[in-house]
Amino acid sequence: MSIDFEFDRNHLWHPYTSMAAPLPVLGVQSARGCRLTLEDGRELVDGTSSWWSAIHGYGHPALVSAVQAQAAKLSHVMFGGLTHEPATALGKALLKLVHPTLTRVFYADSGSVAVEVALKMAMQYWQGRSEPQKHKLLTVLGGYHGDTFAAMSVCDPNSGMHGMFGHLVPKQIFAKAPPAGFGRSLAEQDLAELRALLQAHHQEIAALIIEPIMQGAGGLRFHSPDYLKSVRALCDEYRVLLILDEIATGFGRTGKAFAYEHAGITPDLLCLGKALTGGMLSLAATLCTDEVAAGISSSPAGVFMHGPTFMANPLACAAALASLELFAENRWPAQVANIEAKLTELLETARTLPQVADVRVLGAVGVIEMVQTVDTAFALMAFAARGVWVRPFGRLIYVMPPYCISDSELGMLTRAMVEVASLEGIC
Ligand code: PLP
């Protein structure tokens, strides 16, 4: 069987592309470790971990055999009225990993749905606490939480991604983006607007949702643990639930298992996805506290009103369990620390390029921010010609490699990033 590129071009939607002018696509035949093998036999070192999910690399034998063994027993069964070992074993493993105040797990099928679930839980919670007027959401500019309707309502409305749906999504309350810089010290002024919005609107706000420490698809910007700590304190002061969207940051990406650990706080609701299955299959989860679950139980409906067909899919749960077992072996802290050190050292030269606005690194995330928007098609081909898979967006050329990447593969990635950032025609 070969890839029919013409069919692909004419009939298959790819993410965020046009059918009239599709971006070039490369055909992937297989993937192992940190490398993709293309249909024409070329090998590319992968700098994206399949949109930040394949933290153990591709085709890890533990994940492959977990899915194979599970497929032979039970590939899927409805979760309404039935349960199974992969769901319970994964739930236990997850709850062992997160802060002990998080005790309840809702399995969703994608990150966007995990966010929808968290937002709905927050609304139902306040209904259960006899404060149904608390149904608005507070968030910050620069955020990205997914492409479904409620998730879109808390994405940055100025990003241009979802503006055309503005009339359909509920109007939420936005504060300015967190002050940039992981190491930046916090000034009183940095929180003034957020405090003022809470003061003015807390009686109608159900929850504040934020990506902790790193805003991902909204711009790959880092903020300080102190900022996050203050957000938690403000939520407590104004009786607003805190939803942390760790779909991008969860499972070690920023150097801690969960980004909230940098700040020593814990959320009321936590959204996980992407690396939950080590990138093997689609699975996400929304975790919440006993208090949130109790509030939902007291709501007029009495039950939480959500139940996808493929909820707790056993194959995905088995993959996630195997991924968490690998994660628990604890090789990742040293791997991520090494990636952070190498990215910091090797991307530094890009700082001197005239078309580069900023270079920033945190954990296993390395970003070159250009002065202008990158020509994605041009960049993709330039990277492929250098033997790497790096997919820029907006003004950002970035990598989030699998944690098992070798130093020489990291060297290839960073050399290519600096070279491509310096090319004429890149912006
Ligand atoms: N939330 C965050 C922080 C994300 O980075 C993403 C995806 O990039 C999502 C939610 C949506 O996840 P999914 O693409 O699995 O729907």
# chains A, B, ... in the order shown; residues from 1 in each chain; ligands from 1

call {"tool": "residues_near_ligand", "arguments": {"ligand": "ligand 1", "cutoff": "7 Å", "atoms": "only C-alpha atoms and all ligand atoms", "output": "ChimeraX atom specification"}}
result
/A:110-113,115,144-147,211,215-217,245-248,273-274

call {"tool": "residues_around", "arguments": {"residues": "Glu43 (chain A)", "least_positions_apart": "3", "cutoff": "12 Å", "atoms": "only C-alpha atoms", "output": "ChimeraX atom specification"}}
result
/A:26-40,46,383-389,409

call {"tool": "write_last_selection", "arguments": {"atoms": "N, CA and C atoms", "output": "JSON list (two decimals), in the first residue's frame"}}
result
[["chain", "number", "residue", "atom", "x", "y", "z"],
["A", 26, "LEU", "N", 4.28, 15.72, 3.97],
["A", 26, "LEU", "CA", 5.24, 14.64, 3.77],
["A", 26, "LEU", "C", 4.55, 13.34, 4.18],
["A", 27, "GLY", "N", 4.86, 12.25, 3.49],
["A", 27, "GLY", "CA", 4.26, 10.96, 3.83],
["A", 27, "GLY", "C", 5.13, 10.21, 4.82],
["A", 28, "VAL", "N", 4.52, 9.79, 5.92],
["A", 28, "VAL", "CA", 5.30, 9.05, 6.94],
["A", 28, "VAL", "C", 4.97, 7.56, 6.81],
["A", 29, "GLN", "N", 6.01, 6.73, 6.78],
["A", 29, "GLN", "CA", 5.78, 5.30, 6.68],
["A", 29, "GLN", "C", 5.84, 4.64, 8.05],
["A", 30, "SER", "N", 6.79, 5.07, 8.84],
["A", 30, "SER", "CA", 6.92, 4.48, 10.18],
["A", 30, "SER", "C", 7.66, 5.47, 11.08],
["A", 31, "ALA", "N", 7.68, 5.15, 12.37],
["A", 31, "ALA", "CA", 8.40, 6.02, 13.31],
["A", 31, "ALA", "C", 8.93, 5.17, 14.46],
["A", 32, "ARG", "N", 10.17, 5.45, 14.84],
["A", 32, "ARG", "CA", 10.80, 4.74, 15.98],
["A", 32, "ARG", "C", 11.64, 5.73, 16.76],
["A", 33, "GLY", "N", 11.56, 5.65, 18.06],
["A", 33, "GLY", "CA", 12.38, 6.57, 18.88],
["A", 33, "GLY", "C", 12.05, 8.01, 18.53],
["A", 34, "CYS", "N", 13.07, 8.75, 18.14],
["A", 34, "CYS", "CA", 12.85, 10.17, 17.82],
["A", 34, "CYS", "C", 12.86, 10.41, 16.31],
["A", 35, "ARG", "N", 12.71, 9.34, 15.53],
["A", 35, "ARG", "CA", 12.84, 9.50, 14.08],
["A", 35, "ARG", "C", 11.60, 9.06, 13.31],
["A", 36, "LEU", "N", 11.26, 9.88, 12.31],
["A", 36, "LEU", "CA", 10.19, 9.52, 11.38],
["A", 36, "LEU", "C", 10.85, 9.01, 10.10],
["A", 37, "THR", "N", 10.34, 7.90, 9.57],
["A", 37, "THR", "CA", 10.83, 7.42, 8.27],
["A", 37, "THR", "C", 9.79, 7.77, 7.22],
["A", 38, "LEU", "N", 10.22, 8.52, 6.23],
["A", 38, "LEU", "CA", 9.30, 8.96, 5.19],
["A", 38, "LEU", "C", 9.12, 7.87, 4.13],
["A", 39, "GLU", "N", 8.08, 8.06, 3.36],
["A", 39, "GLU", "CA", 7.74, 7.10, 2.30],
["A", 39, "GLU", "C", 8.89, 6.91, 1.32],
["A", 40, "ASP", "N", 9.65, 7.99, 1.09],
["A", 40, "ASP", "CA", 10.78, 7.89, 0.13],
["A", 40, "ASP", "C", 12.06, 7.39, 0.80],
["A", 46, "ASP", "N", 12.58, 14.06, 14.84],
["A", 46, "ASP", "CA", 11.33, 14.74, 15.16],
["A", 46, "ASP", "C", 11.49, 15.72, 16.33],
["A", 383, "PHE", "N", 13.49, 22.66, 6.72],
["A", 383, "PHE", "CA", 13.82, 21.74, 7.83],
["A", 383, "PHE", "C", 13.98, 20.31, 7.32],
["A", 384, "ALA", "N", 13.05, 19.88, 6.45],
["A", 384, "ALA", "CA", 13.14, 18.51, 5.93],
["A", 384, "ALA", "C", 14.46, 18.31, 5.19],
["A", 385, "ALA", "N", 14.90, 19.34, 4.45],
["A", 385, "ALA", "CA", 16.17, 19.23, 3.72],
["A", 385, "ALA", "C", 17.34, 19.07, 4.68],
["A", 386, "ARG", "N", 17.16, 19.50, 5.93],
["A", 386, "ARG", "CA", 18.22, 19.36, 6.94],
["A", 386, "ARG", "C", 18.01, 18.13, 7.82],
["A", 387, "GLY", "N", 17.06, 17.28, 7.42],
["A", 387, "GLY", "CA", 16.88, 16.00, 8.13],
["A", 387, "GLY", "C", 16.12, 16.10, 9.44],
["A", 388, "VAL", "N", 15.29, 17.16, 9.59],
["A", 388, "VAL", "CA", 14.53, 17.28, 10.85],
["A", 388, "VAL", "C", 13.08, 17.65, 10.57],
["A", 389, "TRP", "N", 12.21, 17.30, 11.53],
["A", 389, "TRP", "CA", 10.80, 17.68, 11.43],
["A", 389, "TRP", "C", 10.52, 18.74, 12.49],
["A", 409, "GLU", "N", 21.09, 14.08, 18.17],
["A", 409, "GLU", "CA", 19.82, 14.46, 17.52],
["A", 409, "GLU", "C", 19.42, 15.89, 17.92]]

call {"tool": "residues_around", "arguments": {"residues": "Ala89 (chain A)", "least_positions_apart": "3", "cutoff": "10 Å", "atoms": "only C-alpha atoms", "output": "PDB file with N, CA and C atoms, in the first residue's frame"}}
result
ATOM      1  N   HIS A  84     -13.798  -1.543  33.463  1.00  0.00           N
ATOM      2  CA  HIS A  84     -12.779  -2.534  33.087  1.00  0.00           C
ATOM      3  C   HIS A  84     -11.442  -2.193  33.736  1.00  0.00           C
ATOM      4  N   GLU A  85     -10.557  -3.163  33.725  1.00  0.00           N
ATOM      5  CA  GLU A  85      -9.283  -3.022  34.421  1.00  0.00           C
ATOM      6  C   GLU A  85      -8.424  -1.855  33.906  1.00  0.00           C
ATOM      7  N   PRO A  86      -8.312  -1.669  32.575  1.00  0.00           N
ATOM      8  CA  PRO A  86      -7.475  -0.539  32.132  1.00  0.00           C
ATOM      9  C   PRO A  86      -7.955   0.796  32.708  1.00  0.00           C
ATOM     10  N   LYS A  92      -6.044   4.784  39.099  1.00  0.00           N
ATOM     11  CA  LYS A  92      -5.208   4.698  40.312  1.00  0.00           C
ATOM     12  C   LYS A  92      -3.831   5.316  40.056  1.00  0.00           C
ATOM     13  N   ALA A  93      -3.242   4.960  38.902  1.00  0.00           N
ATOM     14  CA  ALA A  93      -1.892   5.462  38.584  1.00  0.00           C
ATOM     15  C   ALA A  93      -1.901   6.986  38.457  1.00  0.00           C
ATOM     16  N   LEU A  94      -2.949   7.514  37.849  1.00  0.00           N
ATOM     17  CA  LEU A  94      -3.045   8.974  37.673  1.00  0.00           C
ATOM     18  C   LEU A  94      -3.161   9.679  39.021  1.00  0.00           C
ATOM     19  N   CYS A 317      -6.627   3.546  27.433  1.00  0.00           N
ATOM     20  CA  CYS A 317      -6.277   3.456  28.864  1.00  0.00           C
ATOM     21  C   CYS A 317      -5.051   2.570  29.062  1.00  0.00           C
ATOM     22  N   ALA A 318      -4.970   1.472  28.305  1.00  0.00           N
ATOM     23  CA  ALA A 318      -3.814   0.571  28.439  1.00  0.00           C
ATOM     24  C   ALA A 318      -2.542   1.285  27.986  1.00  0.00           C
ATOM     25  N   ALA A 320      -2.058   4.511  28.069  1.00  0.00           N
ATOM     26  CA  ALA A 320      -1.758   5.536  29.073  1.00  0.00           C
ATOM     27  C   ALA A 320      -1.128   4.906  30.320  1.00  0.00           C
ATOM     28  N   LEU A 321      -1.635   3.755  30.703  1.00  0.00           N
ATOM     29  CA  LEU A 321      -1.075   3.083  31.878  1.00  0.00           C
ATOM     30  C   LEU A 321       0.393   2.710  31.634  1.00  0.00           C
TER      31      LEU A 321
END

call {"tool": "residues_around", "arguments": {"residues": "Met280 (chain A)", "least_positions_apart": "4", "cutoff": "9 Å", "atoms": "only C-alpha atoms", "output": "PDB file with C-alpha atoms, in the first residue's frame"}}
result
ATOM      1  CA  SER A  53       2.552  14.050  23.004  1.00  0.00           C
ATOM      2  CA  ALA A  54       5.131  11.316  22.182  1.00  0.00           C
ATOM      3  CA  TYR A  58       7.633   6.516  18.834  1.00  0.00           C
ATOM      4  CA  GLY A  59       6.973   2.790  18.885  1.00  0.00           C
ATOM      5  CA  LEU A  63       3.409   0.884  24.775  1.00  0.00           C
ATOM      6  CA  VAL A  64       3.130  -1.271  21.666  1.00  0.00           C
ATOM      7  CA  VAL A  67      -1.960  -1.976  23.261  1.00  0.00           C
ATOM      8  CA  ALA A 275       1.338  12.932  26.648  1.00  0.00           C
ATOM      9  CA  LEU A 276      -1.153  11.017  28.815  1.00  0.00           C
ATOM     10  CA  ALA A 316      -6.173   4.154  25.110  1.00  0.00           C
ATOM     11  CA  ALA A 319      -1.483   2.810  26.430  1.00  0.00           C
ATOM     12  CA  ALA A 320      -1.758   5.536  29.073  1.00  0.00           C
ATOM     13  CA  SER A 323       3.122   5.401  29.526  1.00  0.00           C
TER      14      SER A 323
END

call {"tool": "closest_residue", "arguments": {"among": "A:Ala322, A:Leu186, A:Val240, A:Leu194", "to": "Ser224 (chain A)", "atoms": "only C-alpha atoms"}}
result
A:Leu186

call {"tool": "closest_residue", "arguments": {"among": "A:Arg9, A:His167, A:Arg42, A:Lys136", "to": "Val154 (chain A)", "atoms": "only C-alpha atoms"}}
result
A:Lys136

call {"tool": "atom_distance", "arguments": {"atom1": "CA of Ser159 (chain A)", "atom2": "CA of Gly142 (chain A)"}}
result
7.6 Å

call {"tool": "residues_around", "arguments": {"residues": "Thr349 (chain A)", "least_positions_apart": "6", "cutoff": "10 Å", "atoms": "only C-alpha atoms", "output": "ChimeraX atom specification"}}
result
/A:359,415,418

call {"tool": "closest_residue", "arguments": {"among": "A:Pro314, A:Gly47, A:Gly252, A:Gly163", "to": "Ala72 (chain A)", "atoms": "only C-alpha atoms"}}
result
A:Pro314

call {"tool": "closest_atom_pairs", "arguments": {"of": "region 232-291 of chain A", "to": "region 304-309 of chain A", "cutoff": "12 Å", "atoms": "only C-alpha atoms", "output": "CSV"}}
result
residue,atom,partner,partner_atom,distance
A:Leu283,CA,A:Pro308,CA,11.7
A:Ala284,CA,A:Pro308,CA,11.9
A:Thr286,CA,A:His306,CA,11.8

call {"tool": "select_by_dssp", "arguments": {"residues": "region 104-279 of chain A", "states": "alpha helix (DSSP H)", "output": "PyMOL selection string"}}
result
chain A and resi 111-128+149-153+192-201+225-237

call {"tool": "residues_around", "arguments": {"residues": "Leu396 (chain A)", "least_positions_apart": "5", "cutoff": "12 Å", "atoms": "only C-alpha atoms", "output": "VMD selection string"}}
result
chain A and resid 216 to 221 355 to 360 365 to 376 379 390 to 391 417 420 to 421 426 to 427

call {"tool": "write_last_selection", "arguments": {"atoms": "C-alpha atoms", "output": "mmCIF file, in the first residue's frame"}}
result
data_model
loop_
_atom_site.group_PDB
_atom_site.id
_atom_site.type_symbol
_atom_site.label_atom_id
_atom_site.label_comp_id
_atom_site.auth_asym_id
_atom_site.auth_seq_id
_atom_site.Cartn_x
_atom_site.Cartn_y
_atom_site.Cartn_z
ATOM 1 C CA GLY A 216 1.270 26.818 24.443
ATOM 2 C CA ALA A 217 -0.401 27.241 21.073
ATOM 3 C CA GLY A 218 -1.287 30.845 21.973
ATOM 4 C CA GLY A 219 2.372 31.847 21.766
ATOM 5 C CA LEU A 220 4.720 29.574 23.732
ATOM 6 C CA ARG A 221 5.230 32.142 26.490
ATOM 7 C CA GLN A 355 15.153 38.793 12.324
ATOM 8 C CA VAL A 356 15.000 37.087 15.745
ATOM 9 C CA ALA A 357 12.969 38.816 18.465
ATOM 10 C CA ASP A 358 13.559 36.389 21.341
ATOM 11 C CA VAL A 359 15.002 33.012 22.269
ATOM 12 C CA ARG A 360 13.531 31.195 25.265
ATOM 13 C CA VAL A 365 10.708 23.449 25.134
ATOM 14 C CA GLY A 366 12.956 25.607 22.957
ATOM 15 C CA VAL A 367 11.614 28.640 21.087
ATOM 16 C CA ILE A 368 13.034 31.079 18.561
ATOM 17 C CA GLU A 369 10.553 33.919 18.171
ATOM 18 C CA MET A 370 10.971 35.763 14.884
ATOM 19 C CA VAL A 371 10.212 39.428 14.285
ATOM 20 C CA GLN A 372 7.678 38.520 11.572
ATOM 21 C CA THR A 373 5.397 35.599 10.705
ATOM 22 C CA VAL A 374 7.281 32.546 9.441
ATOM 23 C CA ASP A 375 6.496 31.197 5.962
ATOM 24 C CA THR A 376 5.428 27.742 7.155
ATOM 25 C CA ALA A 379 10.242 26.469 6.638
ATOM 26 C CA VAL A 390 10.087 21.109 12.878
ATOM 27 C CA ARG A 391 6.771 22.845 12.213
ATOM 28 C CA MET A 417 16.603 25.868 13.825
ATOM 29 C CA VAL A 420 16.523 28.128 9.032
ATOM 30 C CA ALA A 421 15.893 31.198 11.227
ATOM 31 C CA ILE A 426 11.882 32.575 6.113
ATOM 32 C CA CYS A 427 9.556 35.462 7.071
#

call {"tool": "closest_residue", "arguments": {"among": "A:Lys171, A:His56, A:His99, A:Arg104", "to": "Tyr403 (chain A)", "atoms": "only C-alpha atoms"}}
result
A:His56

call {"tool": "atom_distance", "arguments": {"atom1": "CA of Leu197 (chain A)", "atom2": "CA of Glu237 (chain A)"}}
result
12.8 Å

call {"tool": "atom_distance", "arguments": {"atom1": "CA of Asp236 (chain A)", "atom2": "CA of Tyr125 (chain A)"}}
result
15.4 Å

call {"tool": "decode", "arguments": {"residues": "region 20-68 of chain A", "atoms": "C-alpha atoms", "output": "short mmCIF file (atom, residue, chain, number, x, y, z; two decimals), in the first residue's frame"}}
result
data_model
loop_
_atom_site.label_atom_id
_atom_site.label_comp_id
_atom_site.auth_asym_id
_atom_site.auth_seq_id
_atom_site.Cartn_x
_atom_site.Cartn_y
_atom_site.Cartn_z
CA ALA A 20 -7.99 25.27 -2.15
CA ALA A 21 -4.33 25.85 -1.28
CA PRO A 22 -3.15 22.96 0.86
CA LEU A 23 0.24 23.15 2.52
CA PRO A 24 2.77 20.57 1.33
CA VAL A 25 2.61 17.31 3.30
CA LEU A 26 5.24 14.64 3.77
CA GLY A 27 4.26 10.96 3.83
CA VAL A 28 5.30 9.05 6.94
CA GLN A 29 5.78 5.30 6.68
CA SER A 30 6.92 4.48 10.18
CA ALA A 31 8.40 6.02 13.31
CA ARG A 32 10.80 4.74 15.98
CA GLY A 33 12.38 6.57 18.88
CA CYS A 34 12.85 10.17 17.82
CA ARG A 35 12.84 9.50 14.08
CA LEU A 36 10.19 9.52 11.38
CA THR A 37 10.83 7.42 8.27
CA LEU A 38 9.30 8.96 5.19
CA GLU A 39 7.74 7.10 2.30
CA ASP A 40 10.78 7.89 0.13
CA GLY A 41 13.11 6.37 2.73
CA ARG A 42 14.39 9.65 4.21
CA GLU A 43 14.65 9.86 8.00
CA LEU A 44 13.74 12.99 9.96
CA VAL A 45 14.62 13.71 13.58
CA ASP A 46 11.33 14.74 15.16
CA GLY A 47 11.34 18.02 17.09
CA THR A 48 7.61 18.10 17.87
CA SER A 49 6.79 14.74 19.54
CA SER A 50 3.59 14.66 17.47
CA TRP A 51 2.27 17.93 18.80
CA TRP A 52 3.96 17.46 22.16
CA SER A 53 2.55 14.05 23.00
CA ALA A 54 5.13 11.32 22.18
CA ILE A 55 7.30 11.92 25.25
CA HIS A 56 8.85 8.42 25.23
CA GLY A 57 9.47 8.52 21.47
CA TYR A 58 7.63 6.52 18.83
CA GLY A 59 6.97 2.79 18.89
CA HIS A 60 8.15 2.24 22.46
CA PRO A 61 7.96 -1.55 22.96
CA ALA A 62 6.18 -1.20 26.33
CA LEU A 63 3.41 0.88 24.78
CA VAL A 64 3.13 -1.27 21.67
CA SER A 65 2.81 -4.49 23.64
CA ALA A 66 0.34 -2.96 26.12
CA VAL A 67 -1.96 -1.98 23.26
CA GLN A 68 -1.52 -5.29 21.46
#
